[in-house]
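Peer 1: Take a look at this one; I'll ask things after.
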Amino acid sequence: MKIIFIMGWRNLWRNKRRSLVVISSISLGIFVMIFAMGFMNGFNVQMVENTIKTSLGHIAIHRKGFQDDMKLDYNFKITDTILQSLNDEEILAYAPRVKIHGMIRSSEASGGIMIVGIDPEKEKNISSIYDYTSKGDGSRFLTNEDEEAVLISSSLAKKLDLMLGDKTVLMFQDKNKEIIGVGMRIVGFFTSPIDSFDKFIVFTPIKLLQNITGLGENISEITIVVKNSRKINNIKQKLLTEINDADLEILSWKDMAPFLVSAVNLFDKMMYIFFMIIFITVIFSVANTLIMAIMERFHEIGVMKSIGTKPKRIFSLIMFEAFNLGIVGLASGIILGVIFIQILGIIGIDFSFYMESMRSWGSGSIIYPAVKTMDIVVATVIVIITTIIAALYPAVKAARIKPLDALHYV
Amino acid sequence: MSIIKIENLKKTYDSNGIAVNALRGINLKIENGEFSAIAGPSGSGKTTLLNIIGGLDKPTSGTISLSGEIINDYNPTKLSDLRLNKIGFIFQAYNLIPVLNAIENVEYVLLLQGIGSSERTKRASNILKEVGLEKEMNRKPAKLSGGQQQRVAVARAIVSEPEIVLADEPTANLDQDTGSALLDLMHELNKKKGITFLFSTHDVMVMDRSERLVYLRDGIIAEDKTK
């Protein structure tokens, strides 16, 4: 077979310019595909990570019903069993939260919000709210010692025309369904990558909220962050077994944010439409090149057949030439694409000019593309299959050339 | 036993709706070890006859047998095997594979026969030495002269040790001296190895050197002369 390989390879370079154009088009197709996949991977990962880091965590423990109707009625006490279960080497950190729907009022405006009571020290280990909080100019994160203090986002402050140190009124129902209004002083501003989060969430110390609402030691949820995000389902199952409380529900971030899972799936599906367009182009360019190459070598193929070359060997030769085109294009496209993605993965792509739209998706303004091994495998398989499909017609056509017709063809 | 036996062979083909009788009843036997030529003016049917003998074309009627086996009804695969194993071809325009060098061109036939790599290389290099191309083995056709290319074609035709070599106007593209040297080479191979050669030609030199001359005119044998 060595000679067939030699012929296949050398035939590829008989018309260098034409082969290079086809290889470049395959390479460009792969490059664009890897870039698009890398960008979408980065976008999806950041969108999910930001949601996990700002609000959901990897796993949460709630009273049953809380996820559907976030009312204060659905509270629970952290029992010794729960604490023992959370003392697991796979769990990185956990923190309690109290969540209440309410309103925030300033002298200028008011709006519906969710008030989240947090343990400021524990919260630092499970979310990025501390990192998102401005430090300086008097803005700071909450402390356990704070009384009647609230942390709000810069965008909400702007909407309500509130300044640092201003007092605002938070209104909500207590445990007994009584409406309570509490004046709280703004101690800091935060800015997260998620626009909807910023406009809807304010933070206060958990102790304050527990006292005012009459919850005592009870809480709305425990948010958990695990060491290895691939083990979320295993850890969730382990907690369910160990805690074994019919009144509690233990949910992963996917359970809590199905819209996020749907969005990631939708973006992945959109990629396939994009890939189809690229590979239809590849099919036609490879098929066109091979048909031209066969027409040019019509006489030569006739000679090969007249000296005893069987049709299946001619078929194999053309398929091998197509395979070479595909492999060279694939390899160069992958190398270029991976290098490009690696560089962009470090420096990121800045979408600040498109900031508001990016924030509405929760991805952040700088996307760090990331290529996955499976993406490369998918690209490789698709190109090989596409090339084979593209080469079938020209190869069959070549295999069917009648030697006598070809010998007379000049 | 005759290598080639042709009985009442006729070939009619269609040319723009007009039936053209290229061969009108050929009877011919070619014996083992012959060094023969089919000659005749253009349109006499010599190339058509050679193509039918070579399994490249099919007769309209009559029979043709190679080594006692009638090949009229062979399917394309069987004809491929026949051309590969029993017939060697030499073409007017050399028709070497341009991307392969001289030795690879010769090896190609052996590859088709399924012969192993080392055996292929050994046999191909020996044949190229015999045709005087020891130093040109690694040159591609574009780097060889016309005479050298035709020698490679001769080597390719005989390396598989066929029962007959069919040469269609082998000297037509060569100058007098080169053509003469090529004929000397083929004659030597005929004598030394007993290879049967059958030429189609209108070159006087080939006719003169052939030991038997079959002269066609208007699709029939006008003269069959053994010298």
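Residues are referred to by chain and number: the chain letter is A, B, ... according to the order shown in the structure tokens, the number counts from 1 in that chain, and ligands are numbered separately from 1 in the order shown.
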Give me the chain B side of the contact with chain A, cut-off 8 Å, one line per residue showing its nearest atom pair and distance in Å at one decimal, counting only C-alpha atoms, sorted by chain and residue number, as a tab-separated table.

Peer 2:
```
residue	atom	partner	partner_atom	distance
B:Asn51	CA	A:Leu404	CA	7.9
B:Leu56	CA	A:Leu404	CA	5.8
B:Asp57	CA	A:Leu404	CA	6.8
B:Thr77	CA	A:Lys310	CA	6.7
B:Leu79	CA	A:Gly308	CA	8.0
B:Ser80	CA	A:Gly308	CA	4.6
B:Asp81	CA	A:Gly308	CA	6.1
B:Leu82	CA	A:Gly308	CA	7.4
B:Arg83	CA	A:Gly308	CA	5.1
B:Leu84	CA	A:Gly308	CA	4.1
B:Asn85	CA	A:Gly308	CA	7.8
B:Gly88	CA	A:Ile307	CA	7.2
B:Phe89	CA	A:Ile307	CA	6.6
B:Asn95	CA	A:Val303	CA	6.6
B:Ile97	CA	A:Glu300	CA	6.9
B:Val99	CA	A:Arg10	CA	6.0
B:Leu100	CA	A:Met7	CA	6.8
B:Glu104	CA	A:Ile3	CA	7.1
B:Tyr108	CA	A:Ile3	CA	7.0
B:Val109	CA	A:Ile307	CA	7.4
B:Leu111	CA	A:Met1	CA	7.6
B:Leu112	CA	A:Thr309	CA	6.6
```

Peer 1: List the spatial neighbours of range 186-203 of chain A as number ranges by chain - criterion: any atom at most 7 Å away, only C-alpha atoms, same-chain residues fewer than 6 positions off excluded.

Peer 2: A: 50, 113-118, 132-134, 139-141, 149-156, 164-167, 359-364

Peer 1: Quick one: everything within 12 Å of range 247-251 of chain A, counting only C-alpha atoms, minus sequence neighbours fewer than 2 positions away in the same chain. Send it as a ChimeraX atom specification.

Peer 2: /A:56-68,74-79,82,220-224,232-245,253-258

Peer 1: Would you please work out which residue, of A:Ala293, A:Leu28, A:Ala157, A:Val396, is nearest to Lys16 in chain A when using only C-alpha atoms?

Peer 2: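 Closest to Lys16 in chain A, using only C-alpha atoms: A:Ala293.
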
Peer 1: Please run DSSP on the backbone and report, as a VMD selection string, all residues within range 182-373 of chain A that come out as helix (DSSP H, G or I).

Peer 2: chain A and resid 195 to 200 206 to 213 229 to 243 253 to 256 258 to 296 298 to 306 311 to 347 352 to 361 373

Peer 1: In Å, with one decimal, what is the gap from CA of Lys191 in chain B to CA of Lys122 in chain B?

Peer 2: 22.8 Å

Peer 1: Just to confirm, what's the straight-line distance from CA of Phe351 in chain A to CA of Met47 in chain A in Å (one decimal)?

Peer 2: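 These two atoms are separated by 14.2 Å.
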
Peer 1: Report as a PyMOL selection string all protein, DNA and RNA residues lying within 10 Å of Lys177 in chain A, evaluated on only C-alpha atoms, omitting residues in the same chain fewer than 2 positions from it.

Peer 2: chain A and resi 72-73+172-175+179-180+213

Peer 1: Could you write out the selected residues, including all heavy atoms, as an mmCIF file, in the first residue's frame?

Peer 2:
```
data_model
loop_
_atom_site.group_PDB
_atom_site.id
_atom_site.type_symbol
_atom_site.label_atom_id
_atom_site.label_comp_id
_atom_site.auth_asym_id
_atom_site.auth_seq_id
_atom_site.Cartn_x
_atom_site.Cartn_y
_atom_site.Cartn_z
ATOM 1 N N LEU A 72 -41.276 32.869 54.206
ATOM 2 C CA LEU A 72 -40.590 32.656 55.481
ATOM 3 C C LEU A 72 -41.098 31.401 56.208
ATOM 4 O O LEU A 72 -40.395 30.831 57.047
ATOM 5 C CB LEU A 72 -40.814 33.891 56.372
ATOM 6 C CG LEU A 72 -39.694 34.258 57.336
ATOM 7 C CD1 LEU A 72 -38.373 34.421 56.634
ATOM 8 C CD2 LEU A 72 -40.059 35.529 58.076
ATOM 9 N N ASP A 73 -42.320 30.982 55.781
ATOM 10 C CA ASP A 73 -42.881 29.773 56.416
ATOM 11 C C ASP A 73 -41.975 28.558 56.218
ATOM 12 O O ASP A 73 -41.933 27.659 57.044
ATOM 13 C CB ASP A 73 -44.245 29.436 55.784
ATOM 14 C CG ASP A 73 -45.249 30.553 55.987
ATOM 15 O OD1 ASP A 73 -45.014 31.394 56.875
ATOM 16 O OD2 ASP A 73 -46.248 30.590 55.252
ATOM 17 N N PHE A 172 -41.088 43.964 54.920
ATOM 18 C CA PHE A 172 -41.326 42.539 54.664
ATOM 19 C C PHE A 172 -42.248 41.985 55.746
ATOM 20 O O PHE A 172 -42.502 42.660 56.752
ATOM 21 C CB PHE A 172 -40.005 41.771 54.653
ATOM 22 C CG PHE A 172 -39.088 42.090 55.809
ATOM 23 C CD1 PHE A 172 -39.172 41.376 57.008
ATOM 24 C CD2 PHE A 172 -38.154 43.116 55.712
ATOM 25 C CE1 PHE A 172 -38.330 41.667 58.066
ATOM 26 C CE2 PHE A 172 -37.313 43.411 56.788
ATOM 27 C CZ PHE A 172 -37.395 42.682 57.960
ATOM 28 N N GLN A 173 -42.729 40.760 55.517
ATOM 29 C CA GLN A 173 -43.569 40.117 56.526
ATOM 30 C C GLN A 173 -42.696 39.361 57.518
ATOM 31 O O GLN A 173 -41.709 38.736 57.110
ATOM 32 C CB GLN A 173 -44.510 39.105 55.864
ATOM 33 C CG GLN A 173 -45.715 39.736 55.227
ATOM 34 C CD GLN A 173 -46.695 38.664 54.728
ATOM 35 O OE1 GLN A 173 -46.329 37.520 54.502
ATOM 36 N NE2 GLN A 173 -47.928 39.065 54.565
ATOM 37 N N ASP A 174 -43.109 39.389 58.811
ATOM 38 C CA ASP A 174 -42.364 38.563 59.770
ATOM 39 C C ASP A 174 -43.005 37.186 59.821
ATOM 40 O O ASP A 174 -43.902 36.857 59.029
ATOM 41 C CB ASP A 174 -42.295 39.245 61.145
ATOM 42 C CG ASP A 174 -43.644 39.283 61.843
ATOM 43 O OD1 ASP A 174 -44.627 38.752 61.270
ATOM 44 O OD2 ASP A 174 -43.720 39.853 62.941
ATOM 45 N N LYS A 175 -42.570 36.396 60.782
ATOM 46 C CA LYS A 175 -43.033 35.012 60.889
ATOM 47 C C LYS A 175 -44.552 34.944 61.100
ATOM 48 O O LYS A 175 -45.207 33.988 60.695
ATOM 49 C CB LYS A 175 -42.307 34.362 62.069
ATOM 50 C CG LYS A 175 -42.370 32.863 62.114
ATOM 51 C CD LYS A 175 -41.627 32.365 63.341
ATOM 52 C CE LYS A 175 -41.949 30.903 63.599
ATOM 53 N NZ LYS A 175 -41.380 30.479 64.882
ATOM 54 N N ILE A 179 -46.580 42.995 58.725
ATOM 55 C CA ILE A 179 -45.679 43.801 57.895
ATOM 56 C C ILE A 179 -44.763 44.603 58.816
ATOM 57 O O ILE A 179 -45.208 45.285 59.731
ATOM 58 C CB ILE A 179 -46.469 44.759 56.989
ATOM 59 C CG1 ILE A 179 -47.371 43.981 56.034
ATOM 60 C CG2 ILE A 179 -45.536 45.696 56.230
ATOM 61 C CD1 ILE A 179 -46.644 43.245 54.941
ATOM 62 N N ILE A 180 -43.482 44.504 58.523
ATOM 63 C CA ILE A 180 -42.490 45.206 59.338
ATOM 64 C C ILE A 180 -41.706 46.147 58.432
ATOM 65 O O ILE A 180 -41.352 45.772 57.305
ATOM 66 C CB ILE A 180 -41.514 44.210 59.995
ATOM 67 C CG1 ILE A 180 -42.261 43.294 60.948
ATOM 68 C CG2 ILE A 180 -40.385 44.939 60.739
ATOM 69 C CD1 ILE A 180 -41.424 42.168 61.486
ATOM 70 N N THR A 213 -37.556 38.936 62.223
ATOM 71 C CA THR A 213 -38.665 38.117 61.700
ATOM 72 C C THR A 213 -39.186 37.119 62.717
ATOM 73 O O THR A 213 -40.237 36.498 62.500
ATOM 74 C CB THR A 213 -38.198 37.323 60.466
ATOM 75 O OG1 THR A 213 -37.048 36.564 60.841
ATOM 76 C CG2 THR A 213 -37.872 38.244 59.323
#
```

Peer 1: Using only C-alpha atoms, which residues sit within 9 Å of range 151-155 of chain B once same-chain residues fewer than 5 positions away are excluded, as a list of chain:residue names?

Peer 2: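 Neighbouring residues, sequence-local ones excluded: B:Gly88, B:Phe89, B:Ile90, B:Phe91, B:Tyr94, B:Asn95, B:Leu96, B:Ala102, B:Ile103, B:Asn105, B:Val106, B:Ala124, B:Ile127, B:Leu128, B:Glu130, B:Val131, B:Gly132, B:Leu133, B:Met137, B:Pro141, B:Gly146, B:Val165, B:Ala167, B:Leu182, B:Leu185, B:Met186.
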
Peer 1: In Å, how far is it from CA of Leu166 in chain B to CA of Glu296 in chain A?

Peer 2: 26.1 Å
